[in-house]
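Notes follow the structure.
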Amino acid sequence: TRGPAERVAEAAEMLHEARRPVLLVGHGALLSHAERPIRVLAERLKIPVVTTLLGKGAFPENHELSLGMLGMHGTAYANFAVNDCDLIMSIGSRWDDRIVGQPDIFCKDAKRIHIDIDVSEWNKMIDTHCFIHGDAKLVVEELNTMAEPGDTADWLVQVARWKKKYPLKYPKRGGLKAEHVIDRAYQVCKGDAIVTTDVGQHQMWAAQFFKTHEPNTWVSS
């Protein structure tokens, strides 16, 4: 389903009016093969993109609009953007506690749009202003025919400042670090790999330092 037409139109208008929007992309986007229309939407509307741990690969993390993973193990700049946005649109993400933290203060001053195939997720973790019950790929494709770009120029400048000021980093002295090994592996293969992880600290380091360029190349719990 493409979702109720009136809800999609409402979301399109909200995206157009937003000045500091963010797309939050989760595993549901990969399950519905929505990566291509999501990229089209982000590039057309010039909106930064953050992903969940299992959403890695739904948007290329080497793209200039990518802010990487958000939440307690995410990048600082992804969290700054989510904290300061005036609109957040979740595509196939269930707003789990690893990214939300305290639900009563998460994006409390922002408009919240939620696209999900599972209607039981409606207002389950976060109250939303616009819930679209539908397949992520079909809904985003529909949005691409309706949504017009807003003025996000100043927002993109601010996001770029955060990325430059708060990069992911690790100590280069005092012995070999796991983060260094993972980062070097990424540089050597230029991201052209299928990465699998177990559960633990290495999983978080891999999520941070091994950027995922293509869908279904990140396999993790």
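We name chains A, B, ... following the order of the structure tokens; residues begin at 1 in each chain, and ligands are numbered from 1 as shown.
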Please list as a short mmCIF file (atom, residue, chain, number, x, y, z; two decimals) with all heavy atoms, in the first residue's frame every residue within 10 Å of Arg112 (chain A), counting only C-alpha atoms and excluding residues in the same chain fewer than 5 positions away.
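Wrote it out as around-v1.cif, contents follow:
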data_model
loop_
_atom_site.label_atom_id
_atom_site.label_comp_id
_atom_site.auth_asym_id
_atom_site.auth_seq_id
_atom_site.Cartn_x
_atom_site.Cartn_y
_atom_site.Cartn_z
N ALA A 11 2.30 14.94 4.69
CA ALA A 11 3.73 14.79 4.92
C ALA A 11 4.53 15.60 3.90
O ALA A 11 5.54 16.23 4.26
CB ALA A 11 4.12 13.31 4.84
N MET A 14 4.53 19.17 4.98
CA MET A 14 5.38 19.35 6.17
C MET A 14 6.86 19.37 5.77
O MET A 14 7.65 20.17 6.29
CB MET A 14 5.11 18.24 7.19
CG MET A 14 3.73 18.33 7.83
SD MET A 14 3.27 16.82 8.75
CE MET A 14 4.41 16.89 10.13
N PRO A 21 15.04 19.85 8.49
CA PRO A 21 14.51 18.47 8.48
C PRO A 21 15.62 17.41 8.54
O PRO A 21 16.77 17.66 8.17
CB PRO A 21 13.79 18.40 7.13
CG PRO A 21 14.59 19.32 6.25
CD PRO A 21 15.08 20.44 7.14
N VAL A 22 15.23 16.24 9.02
CA VAL A 22 16.12 15.06 9.06
C VAL A 22 15.30 13.84 8.66
O VAL A 22 14.15 13.69 9.10
CB VAL A 22 16.72 14.85 10.47
CG1 VAL A 22 17.43 13.51 10.55
CG2 VAL A 22 17.68 15.97 10.82
N ASP A 86 13.72 20.63 13.10
CA ASP A 86 12.33 21.08 13.29
C ASP A 86 11.35 20.09 12.68
O ASP A 86 10.14 20.25 12.79
CB ASP A 86 12.12 22.49 12.73
CG ASP A 86 12.29 22.59 11.22
OD1 ASP A 86 12.63 21.57 10.57
OD2 ASP A 86 12.11 23.70 10.67
N LEU A 87 11.89 19.04 12.02
CA LEU A 87 11.06 17.95 11.50
C LEU A 87 11.92 16.70 11.38
O LEU A 87 13.06 16.78 10.94
CB LEU A 87 10.48 18.30 10.12
CG LEU A 87 9.63 17.19 9.45
CD1 LEU A 87 8.47 17.80 8.68
CD2 LEU A 87 10.47 16.31 8.52
N ILE A 88 11.37 15.57 11.80
CA ILE A 88 12.05 14.29 11.62
C ILE A 88 11.06 13.32 11.01
O ILE A 88 9.92 13.20 11.47
CB ILE A 88 12.63 13.75 12.95
CG1 ILE A 88 13.42 12.46 12.70
CG2 ILE A 88 11.57 13.55 14.02
CD1 ILE A 88 14.29 12.03 13.88
N MET A 89 11.47 12.65 9.93
CA MET A 89 10.60 11.66 9.29
C MET A 89 11.26 10.30 9.38
O MET A 89 12.32 10.05 8.80
CB MET A 89 10.33 12.01 7.83
CG MET A 89 9.37 11.02 7.17
SD MET A 89 8.72 11.55 5.57
CE MET A 89 10.12 11.18 4.52
N SER A 90 10.63 9.40 10.12
CA SER A 90 11.11 8.04 10.27
C SER A 90 10.56 7.17 9.14
O SER A 90 9.36 7.12 8.90
CB SER A 90 10.66 7.46 11.61
OG SER A 90 10.90 6.07 11.66
N CYS A 107 13.02 15.00 20.33
CA CYS A 107 12.47 15.84 19.25
C CYS A 107 11.15 16.49 19.66
O CYS A 107 10.22 16.59 18.86
CB CYS A 107 12.27 15.01 17.98
SG CYS A 107 13.78 14.44 17.21
N ILE A 126 6.87 6.94 20.25
CA ILE A 126 6.88 8.39 20.07
C ILE A 126 5.54 8.82 19.47
O ILE A 126 5.07 8.23 18.51
CB ILE A 126 8.02 8.80 19.11
CG1 ILE A 126 9.39 8.51 19.73
CG2 ILE A 126 7.92 10.28 18.73
CD1 ILE A 126 9.71 9.35 20.95
N ASP A 127 4.95 9.84 20.04
CA ASP A 127 3.73 10.41 19.45
C ASP A 127 4.11 11.15 18.17
O ASP A 127 5.07 11.93 18.15
CB ASP A 127 3.05 11.37 20.42
CG ASP A 127 2.40 10.64 21.60
OD1 ASP A 127 2.13 9.44 21.46
OD2 ASP A 127 2.19 11.27 22.65
N THR A 128 3.36 10.90 17.11
CA THR A 128 3.68 11.51 15.83
C THR A 128 2.57 12.46 15.38
O THR A 128 1.41 12.31 15.78
CB THR A 128 3.88 10.44 14.75
OG1 THR A 128 2.74 9.58 14.71
CG2 THR A 128 5.12 9.60 15.04
N HIS A 129 2.94 13.42 14.55
CA HIS A 129 1.97 14.36 13.98
C HIS A 129 1.33 13.79 12.72
O HIS A 129 0.22 14.16 12.36
CB HIS A 129 2.64 15.69 13.66
CG HIS A 129 3.22 16.37 14.86
ND1 HIS A 129 4.50 16.13 15.33
CD2 HIS A 129 2.68 17.29 15.70
CE1 HIS A 129 4.72 16.87 16.38
NE2 HIS A 129 3.65 17.58 16.65
N CYS A 130 2.07 12.89 12.04
CA CYS A 130 1.56 12.30 10.80
C CYS A 130 2.08 10.87 10.68
O CYS A 130 3.28 10.65 10.51
CB CYS A 130 2.02 13.14 9.60
SG CYS A 130 1.51 12.48 7.99
N PHE A 131 1.18 9.90 10.81
CA PHE A 131 1.55 8.49 10.65
C PHE A 131 1.02 7.99 9.31
O PHE A 131 -0.17 8.16 9.00
CB PHE A 131 0.97 7.63 11.78
CG PHE A 131 1.32 6.17 11.66
CD1 PHE A 131 2.57 5.71 12.09
CD2 PHE A 131 0.43 5.26 11.11
CE1 PHE A 131 2.90 4.36 11.97
CE2 PHE A 131 0.75 3.91 11.00
CZ PHE A 131 2.00 3.46 11.43
#
Residues of region 51-133 of chain A that approach region 171-194 of chain A to 12 Å or less, counting only C-alpha atoms: could you list each one with the shortest pair of atoms and its distance in Å to one decimal, rows by chain and increasing residue number, as CSV?
residue,atom,partner,partner_atom,distance
A:Lys56,CA,A:Ile194,CA,11.8
A:Gly57,CA,A:Ile194,CA,10.6
A:Pro60,CA,A:Gly191,CA,10.2
A:Glu61,CA,A:Gly191,CA,9.7
A:Asn62,CA,A:Gly191,CA,9.0
Work out how far CA of Pro215 (chain A) is from CA of Gly28 (chain A), in Å to one decimal.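 According to the coordinates, CA of Gly28 (chain A) and CA of Pro215 (chain A) are separated by 11.9 Å.
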Helix (DSSP H, G or I) positions in region 53-181 of chain A, given as a VMD selection string: chain A and resid 76 to 84 97 to 100 119 to 121 136 to 146 153 to 165 178 to 181
Mind checking which residues fall within 10 Å of Ser32 (chain A), counting only C-alpha atoms, ignoring those fewer than 5 positions away in the same chain, and posting them as a list of chain:residue names? A:His27, A:Gly92, A:Ile117, A:Asp135, A:Ala136, A:Lys137, A:Leu138
Atoms kept (C-alpha atoms) for selection, written as a short mmCIF file (atom, residue, chain, number, x, y, z; two decimals), in the first residue's frame:
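Wrote it out as part-v1.cif, contents follow:
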data_model
loop_
_atom_site.label_atom_id
_atom_site.label_comp_id
_atom_site.auth_asym_id
_atom_site.auth_seq_id
_atom_site.Cartn_x
_atom_site.Cartn_y
_atom_site.Cartn_z
CA HIS A 27 15.64 -1.60 8.79
CA GLY A 92 10.83 2.00 8.57
CA ILE A 117 4.02 -1.12 7.42
CA ASP A 135 5.11 0.09 2.44
CA ALA A 136 8.18 2.32 2.79
CA LYS A 137 9.22 2.09 -0.85
CA LEU A 138 5.75 2.83 -2.21
#
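Distance annotation: of A:Ser220, A:Ser93, A:Thr1, A:Gln208, the residue with the minimal separation from Leu168 (chain A) is A:Gln208; atom set is only C-alpha atoms.
Residues surrounding Trp95 (chain A) within 9 Å are Gly26, Thr52, Ser90, Val100, Glu121, Lys124, Met125 and Ile126 of chain A [only C-alpha atoms; sequence separation below 5 positions excluded].
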Residues from last step as file, N, CA, C and O atoms, as a compact mmCIF listing (two decimals), in the first residue's frame:
# COMPACT_ATOMS: atom_id res chain seq x y z
N GLY A 26 15.39 3.31 8.91
CA GLY A 26 15.57 2.09 9.67
C GLY A 26 15.56 0.84 8.81
O GLY A 26 15.53 0.90 7.57
N THR A 52 19.48 3.97 11.67
CA THR A 52 19.60 3.12 12.84
C THR A 52 20.71 2.10 12.59
O THR A 52 21.26 2.01 11.48
N SER A 90 10.63 9.40 10.12
CA SER A 90 11.11 8.04 10.27
C SER A 90 10.56 7.17 9.14
O SER A 90 9.36 7.12 8.90
N VAL A 100 16.05 6.78 20.95
CA VAL A 100 15.14 7.77 21.52
C VAL A 100 15.62 8.30 22.86
O VAL A 100 15.54 9.50 23.15
N GLU A 121 2.92 0.02 15.45
CA GLU A 121 4.00 0.92 15.84
C GLU A 121 3.53 2.37 15.97
O GLU A 121 4.27 3.24 16.43
N LYS A 124 3.62 4.16 19.39
CA LYS A 124 4.01 3.16 20.38
C LYS A 124 5.14 3.69 21.27
O LYS A 124 5.07 3.56 22.50
N MET A 125 6.16 4.28 20.64
CA MET A 125 7.28 4.85 21.40
C MET A 125 7.24 6.37 21.40
O MET A 125 7.54 7.00 22.40
N ILE A 126 6.87 6.94 20.25
CA ILE A 126 6.88 8.39 20.07
C ILE A 126 5.54 8.82 19.47
O ILE A 126 5.07 8.23 18.51
Between A:Ala5, A:Val219, A:Leu54, A:Leu156, which residue has the minimum interatomic distance to Ser66 (chain A), considering only C-alpha atoms?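 That would be A:Leu156, the residue with the smallest distance to Ser66 (chain A).
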